[in-house]
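What follows is run-v5.csv (CSV, C-alpha atoms).
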chain,number,residue,atom,x,y,z
A,53,MET,CA,-5.5,101.2,-142.2
A,54,LYS,CA,-3.9,104.6,-141.7
A,55,LEU,CA,-4.6,107.4,-139.3
A,56,ARG,CA,-5.8,110.6,-141.0
A,57,HIS,CA,-2.7,112.8,-141.4
A,58,ASP,CA,-4.6,116.0,-140.5
A,59,CYS,CA,-5.7,114.7,-137.0
A,60,ASN,CA,-3.2,114.9,-134.2
A,61,VAL,CA,-2.8,114.0,-130.6
A,62,VAL,CA,-0.7,116.5,-128.6
A,63,SER,CA,0.5,115.9,-125.1
A,64,MET,CA,1.6,118.3,-122.3
A,65,ARG,CA,1.9,118.0,-118.5
A,66,GLY,CA,0.0,114.7,-118.5
A,67,LYS,CA,-2.8,116.0,-120.6
A,68,HIS,CA,-3.6,114.7,-124.1
A,69,LEU,CA,-5.6,116.5,-126.8
A,70,LEU,CA,-7.0,115.2,-130.0
A,71,THR,CA,-7.2,118.0,-132.6
A,72,LEU,CA,-9.3,117.7,-135.7
A,73,PRO,CA,-8.9,119.6,-139.0
A,74,ASP,CA,-12.0,121.6,-138.5
A,75,GLY,CA,-10.4,123.2,-135.4
A,76,ARG,CA,-12.3,121.1,-132.8
A,77,SER,CA,-10.3,119.4,-130.1
A,78,PHE,CA,-11.1,116.7,-127.5
A,79,GLU,CA,-9.3,115.8,-124.3
A,80,VAL,CA,-8.4,112.1,-124.6
A,81,ASN,CA,-7.1,109.7,-122.0
A,82,GLU,CA,-3.6,108.2,-121.6
A,83,SER,CA,-4.5,104.9,-123.3
A,84,PHE,CA,-6.0,106.7,-126.3
A,85,ALA,CA,-2.8,108.8,-126.7
A,86,PHE,CA,-0.7,105.6,-126.3
A,87,LEU,CA,-2.6,103.7,-129.0
A,88,TRP,CA,-2.6,106.7,-131.3
A,89,LYS,CA,1.2,106.9,-131.1
A,90,VAL,CA,1.4,103.2,-131.8
A,91,ALA,CA,-0.8,103.5,-134.9
A,92,SER,CA,0.9,106.7,-136.0
A,93,ASP,CA,4.4,105.3,-135.6
A,94,ALA,CA,3.4,102.2,-137.6
A,95,GLY,CA,2.1,104.2,-140.5
A,96,GLU,CA,-0.1,101.3,-141.8
A,97,PHE,CA,-1.7,99.4,-139.0
A,98,THR,CA,-4.1,96.5,-138.4
A,99,ASP,CA,-6.3,95.3,-135.5
A,100,GLU,CA,-3.3,93.1,-134.6
A,101,THR,CA,-0.9,96.0,-134.4
A,102,LEU,CA,-3.1,97.6,-131.7
A,103,ALA,CA,-3.9,94.3,-130.0
A,104,ASP,CA,-0.2,93.4,-129.6
A,105,ALA,CA,0.6,96.9,-128.2
A,106,ILE,CA,-2.3,96.6,-125.7
A,107,PHE,CA,-1.1,93.1,-124.7
A,108,TYR,CA,2.5,94.2,-124.0
A,109,GLU,CA,1.6,97.6,-122.4
A,110,TYR,CA,-1.2,96.5,-120.1
A,111,GLY,CA,-0.5,92.8,-119.6
A,112,ILE,CA,-4.1,91.7,-120.3
A,113,SER,CA,-5.1,88.4,-122.0
A,114,PRO,CA,-4.7,88.2,-125.8
A,115,SER,CA,-8.4,87.9,-126.2
A,116,ASP,CA,-9.2,91.0,-124.1
A,117,ALA,CA,-6.5,92.9,-126.0
A,118,SER,CA,-8.1,91.9,-129.3
A,119,ALA,CA,-11.5,93.0,-128.1
A,120,GLU,CA,-10.0,96.4,-126.8
A,121,ALA,CA,-8.3,96.9,-130.2
A,122,ALA,CA,-11.4,96.2,-132.1
A,123,MET,CA,-13.4,98.6,-130.0
A,124,THR,CA,-10.8,101.3,-130.4
A,125,ILE,CA,-10.8,101.0,-134.2
A,126,GLU,CA,-14.5,101.1,-134.2
A,127,LEU,CA,-14.5,104.3,-132.3
A,128,TRP,CA,-11.8,105.8,-134.6
A,129,GLN,CA,-13.9,104.9,-137.6
A,130,GLN,CA,-17.0,106.4,-136.0
A,131,TYR,CA,-15.1,109.7,-135.6
A,132,SER,CA,-13.6,109.4,-139.1
A,133,LEU,CA,-10.1,109.4,-137.7
A,134,ILE,CA,-9.0,106.6,-140.1
A,135,GLU,CA,-8.3,107.3,-143.8
B,1304,MET,CA,8.0,131.6,-108.7
B,1305,ALA,CA,4.7,131.8,-106.8
B,1306,PRO,CA,1.8,129.9,-108.3
B,1307,LEU,CA,-0.7,132.0,-110.3
B,1308,THR,CA,-4.3,132.5,-109.4
B,1309,ASP,CA,-7.0,131.5,-111.9
B,1310,ALA,CA,-7.6,135.2,-112.6
B,1311,GLU,CA,-3.9,135.7,-113.3
B,1312,TRP,CA,-3.8,132.7,-115.7
B,1313,LYS,CA,-6.9,134.2,-117.5
B,1314,SER,CA,-5.2,137.5,-117.7
B,1315,LEU,CA,-2.0,135.9,-119.0
B,1316,GLN,CA,-3.9,134.1,-121.7
B,1317,THR,CA,-5.8,137.2,-122.8
B,1318,LEU,CA,-2.6,139.3,-122.9
B,1319,ALA,CA,-0.7,136.6,-124.8
B,1320,ALA,CA,-3.6,136.3,-127.4
B,1321,GLN,CA,-3.7,140.1,-127.9
B,1322,GLN,CA,0.1,140.2,-128.3
B,1323,SER,CA,0.1,137.2,-130.6
B,1324,VAL,CA,2.6,135.3,-128.4
B,1325,ILE,CA,0.4,132.5,-127.2
B,1326,GLY,CA,2.8,129.9,-128.9
B,1327,ILE,CA,5.6,131.3,-126.7
B,1328,VAL,CA,3.5,131.1,-123.6
B,1329,TYR,CA,2.7,127.5,-124.5
B,1330,ALA,CA,6.4,126.7,-124.9
B,1331,GLY,CA,7.1,128.3,-121.5
B,1332,VAL,CA,4.3,126.5,-119.7
B,1333,SER,CA,5.5,123.2,-121.2
B,1334,ARG,CA,8.9,123.8,-119.6
B,1335,LEU,CA,7.5,124.5,-116.1
B,1336,PRO,CA,8.3,121.9,-113.4
B,1337,GLU,CA,5.7,119.2,-113.2
B,1338,ASP,CA,4.8,120.2,-109.7
B,1339,PHE,CA,4.1,123.8,-110.7
B,1340,PRO,CA,0.3,124.1,-110.6
B,1341,VAL,CA,-1.3,124.9,-114.0
B,1342,PRO,CA,-5.1,124.7,-114.2
B,1343,ASP,CA,-6.3,121.8,-116.4
B,1344,ASP,CA,-8.4,124.1,-118.6
B,1345,VAL,CA,-5.5,126.4,-119.2
B,1346,THR,CA,-3.2,123.5,-120.2
B,1347,LEU,CA,-5.8,122.2,-122.6
B,1348,GLN,CA,-6.6,125.6,-124.1
B,1349,LEU,CA,-2.9,126.3,-124.7
B,1350,MET,CA,-2.4,122.9,-126.3
B,1351,ALA,CA,-5.4,123.6,-128.7
B,1352,GLU,CA,-3.9,127.0,-129.5
B,1353,ALA,CA,-0.5,125.6,-130.1
B,1354,SER,CA,-1.9,123.0,-132.4
B,1355,ARG,CA,-3.8,125.7,-134.4
B,1356,ILE,CA,-0.6,127.8,-134.6
B,1357,ARG,CA,1.4,124.8,-135.8
B,1358,LYS,CA,-1.2,124.0,-138.5
B,1359,ARG,CA,-1.1,127.6,-139.7
B,1360,SER,CA,2.7,127.6,-139.8
B,1361,ALA,CA,2.7,124.5,-141.9
B,1362,LEU,CA,0.2,126.0,-144.3
B,1363,VAL,CA,2.3,129.2,-144.7
B,1364,ALA,CA,5.4,127.1,-145.2
B,1365,GLY,CA,3.6,125.1,-147.9
B,1366,VAL,CA,2.5,128.3,-149.7
B,1367,LEU,CA,6.0,129.7,-149.5
B,1368,ALA,CA,7.4,126.5,-151.0
B,1369,LYS,CA,4.9,126.8,-153.9
B,1370,VAL,CA,5.9,130.5,-154.5
B,1371,LYS,CA,9.6,129.6,-154.4
B,1372,GLU,CA,9.1,126.8,-156.9
B,1373,GLN,CA,7.4,129.2,-159.4
B,1374,PHE,CA,9.3,132.5,-158.9
B,1375,ASN,CA,13.0,133.2,-158.6
B,1376,ASP,CA,14.5,134.0,-155.2
B,1377,PRO,CA,12.0,136.0,-153.2
B,1378,ILE,CA,13.4,137.4,-150.0
B,1379,VAL,CA,11.0,136.7,-147.1
B,1380,LEU,CA,10.4,139.6,-144.9
B,1381,LYS,CA,9.5,138.8,-141.3
B,1382,GLY,CA,7.1,135.7,-141.1
B,1383,PRO,CA,8.9,132.4,-141.7
B,1384,ALA,CA,12.3,134.2,-142.0
B,1385,VAL,CA,12.1,135.5,-138.5
B,1386,ALA,CA,10.4,132.3,-137.2
B,1387,ALA,CA,13.7,130.6,-138.0
B,1388,PHE,CA,15.3,132.6,-135.1
B,1389,TYR,CA,12.8,130.9,-132.6
B,1390,PRO,CA,13.8,127.7,-130.8
B,1391,GLU,CA,10.5,126.3,-132.0
B,1392,PRO,CA,9.8,128.2,-135.3
B,1393,GLU,CA,6.4,126.6,-135.9
B,1394,LEU,CA,5.1,128.2,-132.6
B,1395,ARG,CA,5.6,131.7,-133.9
B,1396,GLU,CA,2.1,132.9,-135.0
B,1397,SER,CA,2.1,133.5,-138.7
B,1398,GLY,CA,0.0,136.2,-140.3
B,1399,ASP,CA,0.4,136.8,-144.1
B,1400,LEU,CA,3.5,136.4,-146.2
B,1401,ASP,CA,5.6,139.4,-147.0
B,1402,LEU,CA,7.9,139.0,-149.9
B,1403,TYR,CA,10.4,141.2,-151.6
B,1404,PHE,CA,11.9,140.6,-155.0
B,1405,PRO,CA,15.2,142.3,-155.8
B,1406,ASP,CA,14.0,142.3,-159.4
B,1407,LEU,CA,10.4,143.5,-159.1
B,1408,LYS,CA,9.7,142.3,-162.6
B,1409,ALA,CA,10.2,138.8,-161.4
B,1410,ALA,CA,7.5,139.2,-158.8
B,1411,PRO,CA,4.1,137.5,-159.1
B,1412,THR,CA,1.1,139.7,-159.6
B,1413,ALA,CA,-2.5,139.1,-158.9
B,1414,PRO,CA,-5.0,138.7,-161.8
B,1415,ASP,CA,-6.0,142.3,-161.2
B,1416,GLY,CA,-2.4,143.4,-161.5
B,1417,SER,CA,-2.0,144.3,-157.8
B,1418,SER,CA,0.7,143.1,-155.5
B,1419,HIS,CA,-1.7,141.4,-153.1
B,1420,LEU,CA,-2.2,137.8,-153.7
B,1421,ASN,CA,-4.0,135.0,-151.9
B,1422,ILE,CA,-2.8,131.4,-152.3
B,1423,ASP,CA,-4.6,128.6,-150.4
B,1424,GLY,CA,-6.1,131.2,-148.0
B,1425,ILE,CA,-2.7,132.9,-147.2
B,1426,ASP,CA,-2.4,136.6,-148.1
B,1427,ILE,CA,0.8,137.5,-149.8
B,1428,ASP,CA,2.1,141.1,-150.0
B,1429,ILE,CA,4.8,141.9,-152.5
B,1430,HIS,CA,6.9,144.8,-151.1
B,1431,ARG,CA,8.6,147.3,-153.3
B,1432,SER,CA,11.4,147.8,-150.8
B,1433,TYR,CA,13.2,145.6,-148.3
B,1434,PHE,CA,13.0,148.3,-145.7
B,1435,ASP,CA,10.0,150.2,-144.3
B,1436,LEU,CA,12.2,153.2,-145.0
B,1437,ARG,CA,12.4,155.6,-147.9
B,1438,LEU,CA,15.6,156.2,-149.9
B,1439,ARG,CA,17.3,152.9,-148.9
B,1440,PRO,CA,19.3,151.0,-151.5
B,1441,ALA,CA,18.0,147.7,-152.9
B,1442,VAL,CA,19.1,144.6,-151.1
B,1443,GLU,CA,20.1,141.4,-152.9
B,1444,ILE,CA,21.0,139.2,-149.9
B,1445,PRO,CA,20.1,140.8,-146.5
B,1446,SER,CA,23.1,141.1,-144.2
B,1447,PRO,CA,22.5,140.6,-140.4
B,1448,GLU,CA,22.7,144.3,-139.9
B,1449,ALA,CA,20.2,144.9,-142.7
B,1450,THR,CA,17.9,142.3,-141.2
B,1451,LEU,CA,18.0,144.0,-137.8
B,1452,LEU,CA,17.3,147.4,-139.4
B,1453,MET,CA,14.4,146.0,-141.4
B,1454,LEU,CA,12.8,144.6,-138.3
B,1455,SER,CA,13.3,147.7,-136.2
B,1456,ALA,CA,12.0,150.0,-139.0
B,1457,HIS,CA,8.9,147.8,-139.3
B,1458,ILE,CA,8.3,148.0,-135.5
B,1459,LEU,CA,8.8,151.8,-135.6
B,1460,LYS,CA,6.3,152.3,-138.5
B,1461,HIS,CA,3.6,150.5,-136.5
B,1462,ALA,CA,4.6,152.0,-133.1
B,1463,PHE,CA,3.7,155.4,-134.2
B,1464,SER,CA,0.8,154.5,-136.5
B,1465,SER,CA,-1.6,151.6,-135.7
B,1466,GLY,CA,0.4,150.3,-132.8
B,1467,THR,CA,2.9,147.5,-132.3
B,1468,GLY,CA,2.8,144.3,-130.2
B,1469,LEU,CA,5.1,142.0,-128.3
B,1470,ARG,CA,5.4,139.5,-131.2
B,1471,GLN,CA,7.3,142.0,-133.4
B,1472,ILE,CA,9.6,142.9,-130.5
B,1473,CYS,CA,10.2,139.2,-129.8
B,1474,ASP,CA,11.1,138.8,-133.5
B,1475,ILE,CA,13.9,141.3,-133.3
B,1476,ALA,CA,15.0,140.1,-129.8
B,1477,LEU,CA,15.5,136.6,-131.2
B,1478,ALA,CA,17.2,138.0,-134.3
B,1479,TYR,CA,19.7,139.8,-132.0
B,1480,ARG,CA,20.3,136.6,-130.1
B,1481,SER,CA,20.7,134.5,-133.3
B,1482,LEU,CA,22.6,136.8,-135.7
B,1483,GLU,CA,26.3,137.5,-135.7
B,1484,TYR,CA,26.3,141.2,-136.5
B,1485,ASP,CA,29.0,143.9,-136.7
B,1486,GLU,CA,28.2,146.5,-134.0
B,1487,ALA,CA,30.0,149.3,-135.8
B,1488,ALA,CA,28.2,148.5,-139.1
B,1489,LEU,CA,24.9,148.5,-137.4
B,1490,LYS,CA,25.5,151.7,-135.5
B,1491,ALA,CA,26.6,153.3,-138.8
B,1492,LEU,CA,23.3,152.1,-140.5
B,1493,TRP,CA,21.2,153.6,-137.6
B,1494,LYS,CA,23.0,156.9,-137.9
B,1495,GLU,CA,22.7,157.0,-141.7
B,1496,CYS,CA,18.9,156.5,-141.4
B,1497,GLY,CA,18.4,158.9,-138.5
B,1498,LEU,CA,17.2,156.1,-136.3
B,1499,VAL,CA,19.8,156.0,-133.5
B,1500,LYS,CA,17.5,157.2,-130.8
B,1501,TRP,CA,14.7,154.9,-131.8
B,1502,ASN,CA,16.9,151.8,-131.9
B,1503,ASN,CA,18.5,152.7,-128.6
B,1504,LEU,CA,15.0,152.8,-127.0
B,1505,LEU,CA,14.1,149.5,-128.7
B,1506,SER,CA,17.3,147.9,-127.5
B,1507,ALA,CA,16.7,149.2,-123.9
B,1508,PHE,CA,13.2,147.7,-124.1
B,1509,ILE,CA,14.4,144.4,-125.3
B,1510,ARG,CA,17.1,144.2,-122.6
B,1511,GLU,CA,14.8,145.4,-119.8
B,1512,HIS,CA,11.6,143.4,-120.6
B,1513,LEU,CA,12.9,140.4,-122.6
B,1514,GLY,CA,16.3,140.0,-121.1
B,1515,VAL,CA,18.1,139.8,-124.4
B,1516,GLN,CA,21.4,141.7,-125.0
B,1517,ALA,CA,20.4,144.0,-127.9
B,1518,LEU,CA,22.9,146.6,-129.1
B,1519,LEU,CA,22.7,149.7,-126.8
B,1520,ILE,CA,24.5,152.9,-127.3
B,1521,SER,CA,23.6,154.8,-124.2
B,1522,GLU,CA,22.0,153.8,-120.9
B,1523,GLY,CA,19.1,155.4,-119.1
B,1524,GLU,CA,16.3,155.1,-121.7
B,1525,ASP,CA,12.7,155.3,-120.3
B,1526,THR,CA,11.1,152.3,-121.9
B,1527,GLY,CA,7.7,153.1,-120.3
B,1528,LYS,CA,6.5,155.0,-123.4
B,1529,LEU,CA,7.1,152.0,-125.7
B,1530,LEU,CA,5.6,149.7,-123.1
B,1531,SER,CA,2.4,151.8,-123.1
B,1532,ILE,CA,2.1,151.5,-126.9
B,1533,VAL,CA,2.6,147.7,-126.8
B,1534,LEU,CA,0.1,147.3,-124.0
B,1535,GLU,CA,-2.4,149.7,-125.5
B,1536,GLY,CA,-3.3,147.9,-128.7
B,1537,GLY,CA,-1.4,144.6,-128.8
B,1538,ASN,CA,-0.6,143.0,-132.2
B,1539,PHE,CA,-0.5,145.8,-134.8
B,1540,GLY,CA,-2.8,147.8,-132.4
B,1541,HIS,CA,-5.7,145.6,-133.3
B,1542,PHE,CA,-7.0,145.6,-129.7
B,1543,ALA,CA,-6.9,149.4,-129.1
B,1544,ALA,CA,-10.2,151.1,-128.3
B,1545,ASP,CA,-12.2,151.5,-131.5
B,1546,ARG,CA,-9.5,150.1,-133.8
B,1547,ARG,CA,-11.4,146.9,-134.5
B,1548,LYS,CA,-14.4,149.0,-135.6
B,1549,ALA,CA,-12.2,151.0,-137.9
B,1550,LEU,CA,-10.6,147.9,-139.4
B,1551,GLU,CA,-14.0,146.4,-140.2
B,1552,ALA,CA,-15.2,149.7,-141.8
B,1553,SER,CA,-14.2,151.1,-145.2
B,1554,ALA,CA,-10.6,151.7,-146.4
B,1555,ALA,CA,-11.2,155.4,-145.9
B,1556,SER,CA,-12.2,155.0,-142.2
B,1557,ARG,CA,-9.1,152.8,-141.7
B,1558,LYS,CA,-6.8,155.4,-143.1
B,1559,THR,CA,-8.5,158.2,-141.1
B,1560,ASP,CA,-8.1,156.1,-137.9
B,1561,THR,CA,-4.4,155.4,-138.7
B,1562,LEU,CA,-3.9,159.2,-139.3
B,1563,LYS,CA,-5.6,160.0,-136.0
B,1564,ARG,CA,-3.4,157.5,-134.2
B,1565,LEU,CA,-0.3,158.8,-136.0
B,1566,LEU,CA,-1.1,162.4,-134.8
B,1567,GLN,CA,-1.7,161.2,-131.2
B,1568,LYS,CA,1.8,159.7,-131.2
B,1569,ALA,CA,3.4,162.9,-132.4
B,1570,PRO,CA,5.4,163.5,-129.2
B,1571,PHE,CA,6.7,159.9,-129.4
B,1572,GLY,CA,7.5,160.1,-133.2
B,1573,LEU,CA,9.1,163.5,-133.1
B,1574,SER,CA,11.2,162.6,-130.1
B,1575,TYR,CA,12.5,159.2,-131.4
B,1576,ALA,CA,12.5,159.4,-135.2
B,1577,PRO,CA,11.4,162.8,-136.4
B,1578,GLY,CA,12.4,162.3,-140.0
B,1579,LYS,CA,10.7,159.0,-140.4
B,1580,TYR,CA,7.6,160.3,-138.5
B,1581,LEU,CA,7.2,163.3,-140.7
B,1582,GLY,CA,7.9,161.3,-143.9
B,1583,TYR,CA,5.2,158.8,-142.9
B,1584,ILE,CA,2.6,161.5,-142.3
B,1585,PHE,CA,3.6,163.0,-145.7
B,1586,SER,CA,3.1,159.7,-147.5
B,1587,LEU,CA,-0.1,158.9,-145.7
B,1588,THR,CA,-1.7,162.3,-146.4
B,1589,LYS,CA,-0.4,162.4,-150.0
B,1590,GLY,CA,-2.0,159.0,-150.6
B,1591,ASN,CA,-5.3,160.5,-149.5
B,1592,LEU,CA,-5.2,163.7,-151.5
Show me, as structure tokens, the structure contained in the file I just sent.
Amino acid sequence: MKLRHDCNVVSMRGKHLLTLPDGRSFEVNESFAFLWKVASDAGEFTDETLADAIFYEYGISPSDASAEAAMTIELWQQYSLIE
Amino acid sequence: MAPLTDAEWKSLQTLAAQQSVIGIVYAGVSRLPEDFPVPDDVTLQLMAEASRIRKRSALVAGVLAKVKEQFNDPIVLKGPAVAAFYPEPELRESGDLDLYFPDLKAAPTAPDGSSHLNIDGIDIDIHRSYFDLRLRPAVEIPSPEATLLMLSAHILKHAFSSGTGLRQICDIALAYRSLEYDEAALKALWKECGLVKWNNLLSAFIREHLGVQALLISEGEDTGKLLSIVLEGGNFGHFAADRRKALEASAASRKTDTLKRLLQKAPFGLSYAPGKYLGYIFSLTKGNL
């Protein structure tokens, strides 16, 4: 999977904003911004890429990390953030 | 620095939008100490604006690259060329693309033969001259002095017609800061064009209000008159009373409005650049006869 190149997350002063190509923008939380950066830096990513990052960043169990990663990807697909 | 009230933040945002310098305000806010209070909604709005400006800059850069691929050596006036003087070029708000071709025959033309094109939604104007001045020689590669003269002449043209904003003045302030120019050569150019008084006023304004060391010939300029013009209408005077209405009306109403504003600024024009002021009135009225 790849993130859409025309969607971005910008950060300033502890705030994170997801911007969409149609000009809309949404405030997103710290963990969204973190996972976005992981996926963005990876270029191509899988469920496992995110699950590993969640596991190392938040110290939760591998199964919870996998569940979180799957939920995140489902949300990203729902909002058409993935190419 | 004392914290700003909500009303002051709103006022700052409105003013920055009118002056087309919201990207600069964003860059400034991002450099504030973490403990300096900035309302959350202001932070998010500035981030959204900065993102919009960056996207537009990328689009303009892409169109410019396409034009450069197809046509030989255009000289970019203002826009991306002056954005390069900014610490974060992509945060300078881009309008259209202004290009000058030393060999006009090499310039692209629109299907209707005009010099106004639109590529991927970006307006492109092909200029017949590098300077907004009559009787200036052609320029092959702009020197630092020519660049400074081109920028100041552009500001002047708008200052006594539709109006000028802070973005144009930031452009030349950053050009002054970035370019290594020859003071004597620049002074000689000003003199040759009859623009010494105007450039001295502009430099005094840049020093007093933006804190940049622009070339000054004599002290004691009253920058209040130029500040009034900047604050009256914002970017290209678009926010002055009734200007928007005129801009949305026919080309004839737009020209009439410009002429009206030009005449209102007669004391300013005649005082700081009489030759250029009268020449501009002449060309505008001639175009309408």
Between CA of Thr1467 (chain B) and CA of Ile1532 (chain B), distance in Å (one decimal):
6.8 Å
Find the residues near Trp1501 (chain B): any atom within 8 Å, counting all atoms listed in the file, skip ones fewer than 6 places away on the same chain, and give them as an mmCIF file with C-alpha atoms, in the frame of the given file.
data_model
loop_
_atom_site.group_PDB
_atom_site.id
_atom_site.type_symbol
_atom_site.label_atom_id
_atom_site.label_comp_id
_atom_site.auth_asym_id
_atom_site.auth_seq_id
_atom_site.Cartn_x
_atom_site.Cartn_y
_atom_site.Cartn_z
ATOM 1 C CA LEU B 1459 8.800 151.800 -135.600
ATOM 2 C CA TYR B 1575 12.500 159.200 -131.400
ATOM 3 C CA ALA B 1576 12.500 159.400 -135.200
#
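Relative to CA of Trp1493 (chain B), CA of Phe1404 (chain B) is found at 23.6 Å.
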Write out as CSV a residue-level contact list of chain A versus chain B with cut-off 10 Å: for each qualifying residue the closest pair of atoms and the distance in Å to one decimal, counting all atoms listed in the file, rows sorted by chain and residue number upward.
residue,atom,partner,partner_atom,distance
A:Asp58,CA,B:Lys1358,CA,8.9
A:Asn60,CA,B:Ser1354,CA,8.4
A:Val61,CA,B:Ser1354,CA,9.2
A:Val62,CA,B:Met1350,CA,7.0
A:Ser63,CA,B:Met1350,CA,7.7
A:Met64,CA,B:Ser1333,CA,6.4
A:Arg65,CA,B:Glu1337,CA,6.6
A:Gly66,CA,B:Glu1337,CA,9.0
A:Lys67,CA,B:Leu1347,CA,7.2
A:His68,CA,B:Leu1347,CA,8.0
A:Leu69,CA,B:Leu1347,CA,7.1
A:Leu70,CA,B:Ala1351,CA,8.6
A:Thr71,CA,B:Ala1351,CA,7.1
A:Leu72,CA,B:Ser1354,CA,9.7
A:Pro73,CA,B:Lys1358,CA,8.9
A:Gly75,CA,B:Arg1355,CA,7.1
A:Arg76,CA,B:Ala1351,CA,8.4
A:Ser77,CA,B:Ala1351,CA,6.6
A:Phe78,CA,B:Ala1351,CA,9.0
A:Glu79,CA,B:Leu1347,CA,7.5
Length of the CA of Thr1412 (chain B) to CA of Ser1455 (chain B) vector [Å]:
27.6 Å
